[in-house]
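Working notes, structure below.
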Amino acid sequence: MRMECDIIRDLMPLYAEKMASARSGEAVEEHLRECSECRGIYENMVTPAPQMQFHTQPQESFRKYVRKKKWSYGLKVALLTLAGVAAVLLLRFALAGGLIGLLALDSELAEVEVDTDISHYERYMGETAEEKYQGKLGVDDSIFPKEITADMHVPDYKMVYYNPWDPQYLSYLVVEYEDADYAAELARLENCAQDVYTGFYGTQGFEQGYEVLAAEIDDHNYHGLVYALGAEDNRIIYVEILFCNYFMDLEYEEYIDSAYLPIGFNVAKGNPYREEYYTAVFGKNP
């Protein structure tokens with residue numbers, strides 16, 4: 001279970017009693033919309049208990065109980081924070097305010113991992129990938145070549161991994177093929193996914209000179225897309241952009257040539273695609 005769930009569950013009693021701050025309340029509400037397990041725990045918490053007989057001083061006793069529990073939960077949150085960050089960051093967390101401050105600190109602490117060494121390719125792709133690169137949010141990345149062979153000329157390659165709370169992946173691979181190998185790769189890509197990508201996060205197509213040879217769109221969980229572009233000189237550009245929660249924390253445009261990105265593509269936090277989804281499902285923007 002992620003650290004976020006632990007903190008949300010510590011805040012639930014205060015939220016249920018309307019004693020949480022406005023920021024903490026908003027953080028709890030947003031988390032409950034996206035986490036079914038925590039939502040079930042909260043629903044059980046707020047289900048009315050059977051009526052009980054109290055003595056003549058129930059109101060005063062309950063107030064003392066709430067004050068005691070509030071102190072207990074506050075102490076647990078502080079101890080959990082101390083276990084994960086240094087004292088200077090803890091002070092910054094306190095000034096930033098509750099869970100929102102912790103989220104911001106966690107994003108700052110997470111490092112963007114970048115690898116441009118093509119000899120490491122199989123660490124990140126296919127069955128040989130290291131654990132944190134396997135599965136990739138359930139999106140099929142088989143549009144990418146299974147391996148890099150000695151006869152493949154690779155002028156450009158990059159693998160970017162970022163995990164502030166949830167994993168995010170950005171990869172691209174540029175291969176220049178000999179004629180026979182190019183024809184064989186085109187035939188392979190014809191058997192890969194050919195999803196309709198236009199409209200997905202504002203996508204309108206690609207720059208002139210690029211032809212979409214294959215496209216895998218995660219249109220169920222909206223975790224991103226994988227595609228291959230054909231270009232001149234027997235070049236093929238393979239790209240994957242994968243993320244959670246309908247947006248990317250990573251400043252992805254800093255890590256990839258804009259020509260490799262779809263025209264109109266927008267997965268920044270305030271992207272219209274995400275706002276429309278939240279409005280349709282929850283009745284309001286995130």
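Ligands are numbered from 1 in the order shown, residues from 1 within each chain, and chains are lettered A, B, ... in the order they appear in the structure tokens.
Non-sequential neighbours of A:Met159 (distance at most 10 Å, separation of 6 or more positions within a chain, only C-alpha atoms) are Glu113, Val114, Asp115, Thr116, Asp117, Ile118, His120, Tyr121, Tyr124, Tyr169, Leu170, Ser171, Tyr172, Leu173, Val239, Glu240, Tyr255 and Ile256 of chain A.
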So which residues touch A:Ser258 within 12 Å, counting only C-alpha atoms, skipping near sequence neighbours fewer than 6 positions away, as a ChimeraX atom specification?
/A:172,206-207,239,252,264-266
Same residues, C-alpha atoms, output as a PDB file, in the first residue's frame:
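So the final result, stored in result20.pdb, reads:
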ATOM      1  CA  TYR A 172      11.896   6.976 -28.024  1.00  0.00           C
ATOM      2  CA  PHE A 206       1.856  14.412 -36.997  1.00  0.00           C
ATOM      3  CA  GLU A 207       4.131  16.782 -38.853  1.00  0.00           C
ATOM      4  CA  VAL A 239       7.701   6.404 -29.086  1.00  0.00           C
ATOM      5  CA  TYR A 252       7.826  15.570 -21.114  1.00  0.00           C
ATOM      6  CA  GLY A 264      -2.033  19.098 -30.337  1.00  0.00           C
ATOM      7  CA  PHE A 265      -0.994  16.396 -27.855  1.00  0.00           C
ATOM      8  CA  ASN A 266      -1.378  17.673 -24.264  1.00  0.00           C
TER       9      ASN A 266
END
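Taking only C-alpha atoms, the non-local environment of A:Gly25 within 9 Å (same-chain residues fewer than 3 positions away omitted) comprises A:Leu11, A:Met12, A:Leu14, A:Tyr15, A:Lys18, A:Met19, A:Ala20, A:Ser21, A:Ala22, A:Val28, A:Glu29, A:Glu30.
Using only C-alpha atoms for every distance, the candidate list A:Ala150, A:Ile7, A:Ala193, A:Val267 yields A:Ala150 as the residue closest to A:Tyr177.
Counting only C-alpha atoms, A:Arg188 has the following residues at most 10 Å away, ignoring those fewer than 4 positions along the same chain: Ile143, Pro145, Tyr182, Ala183, Ala184, Cys192, Leu213 and Ala214 of chain A.
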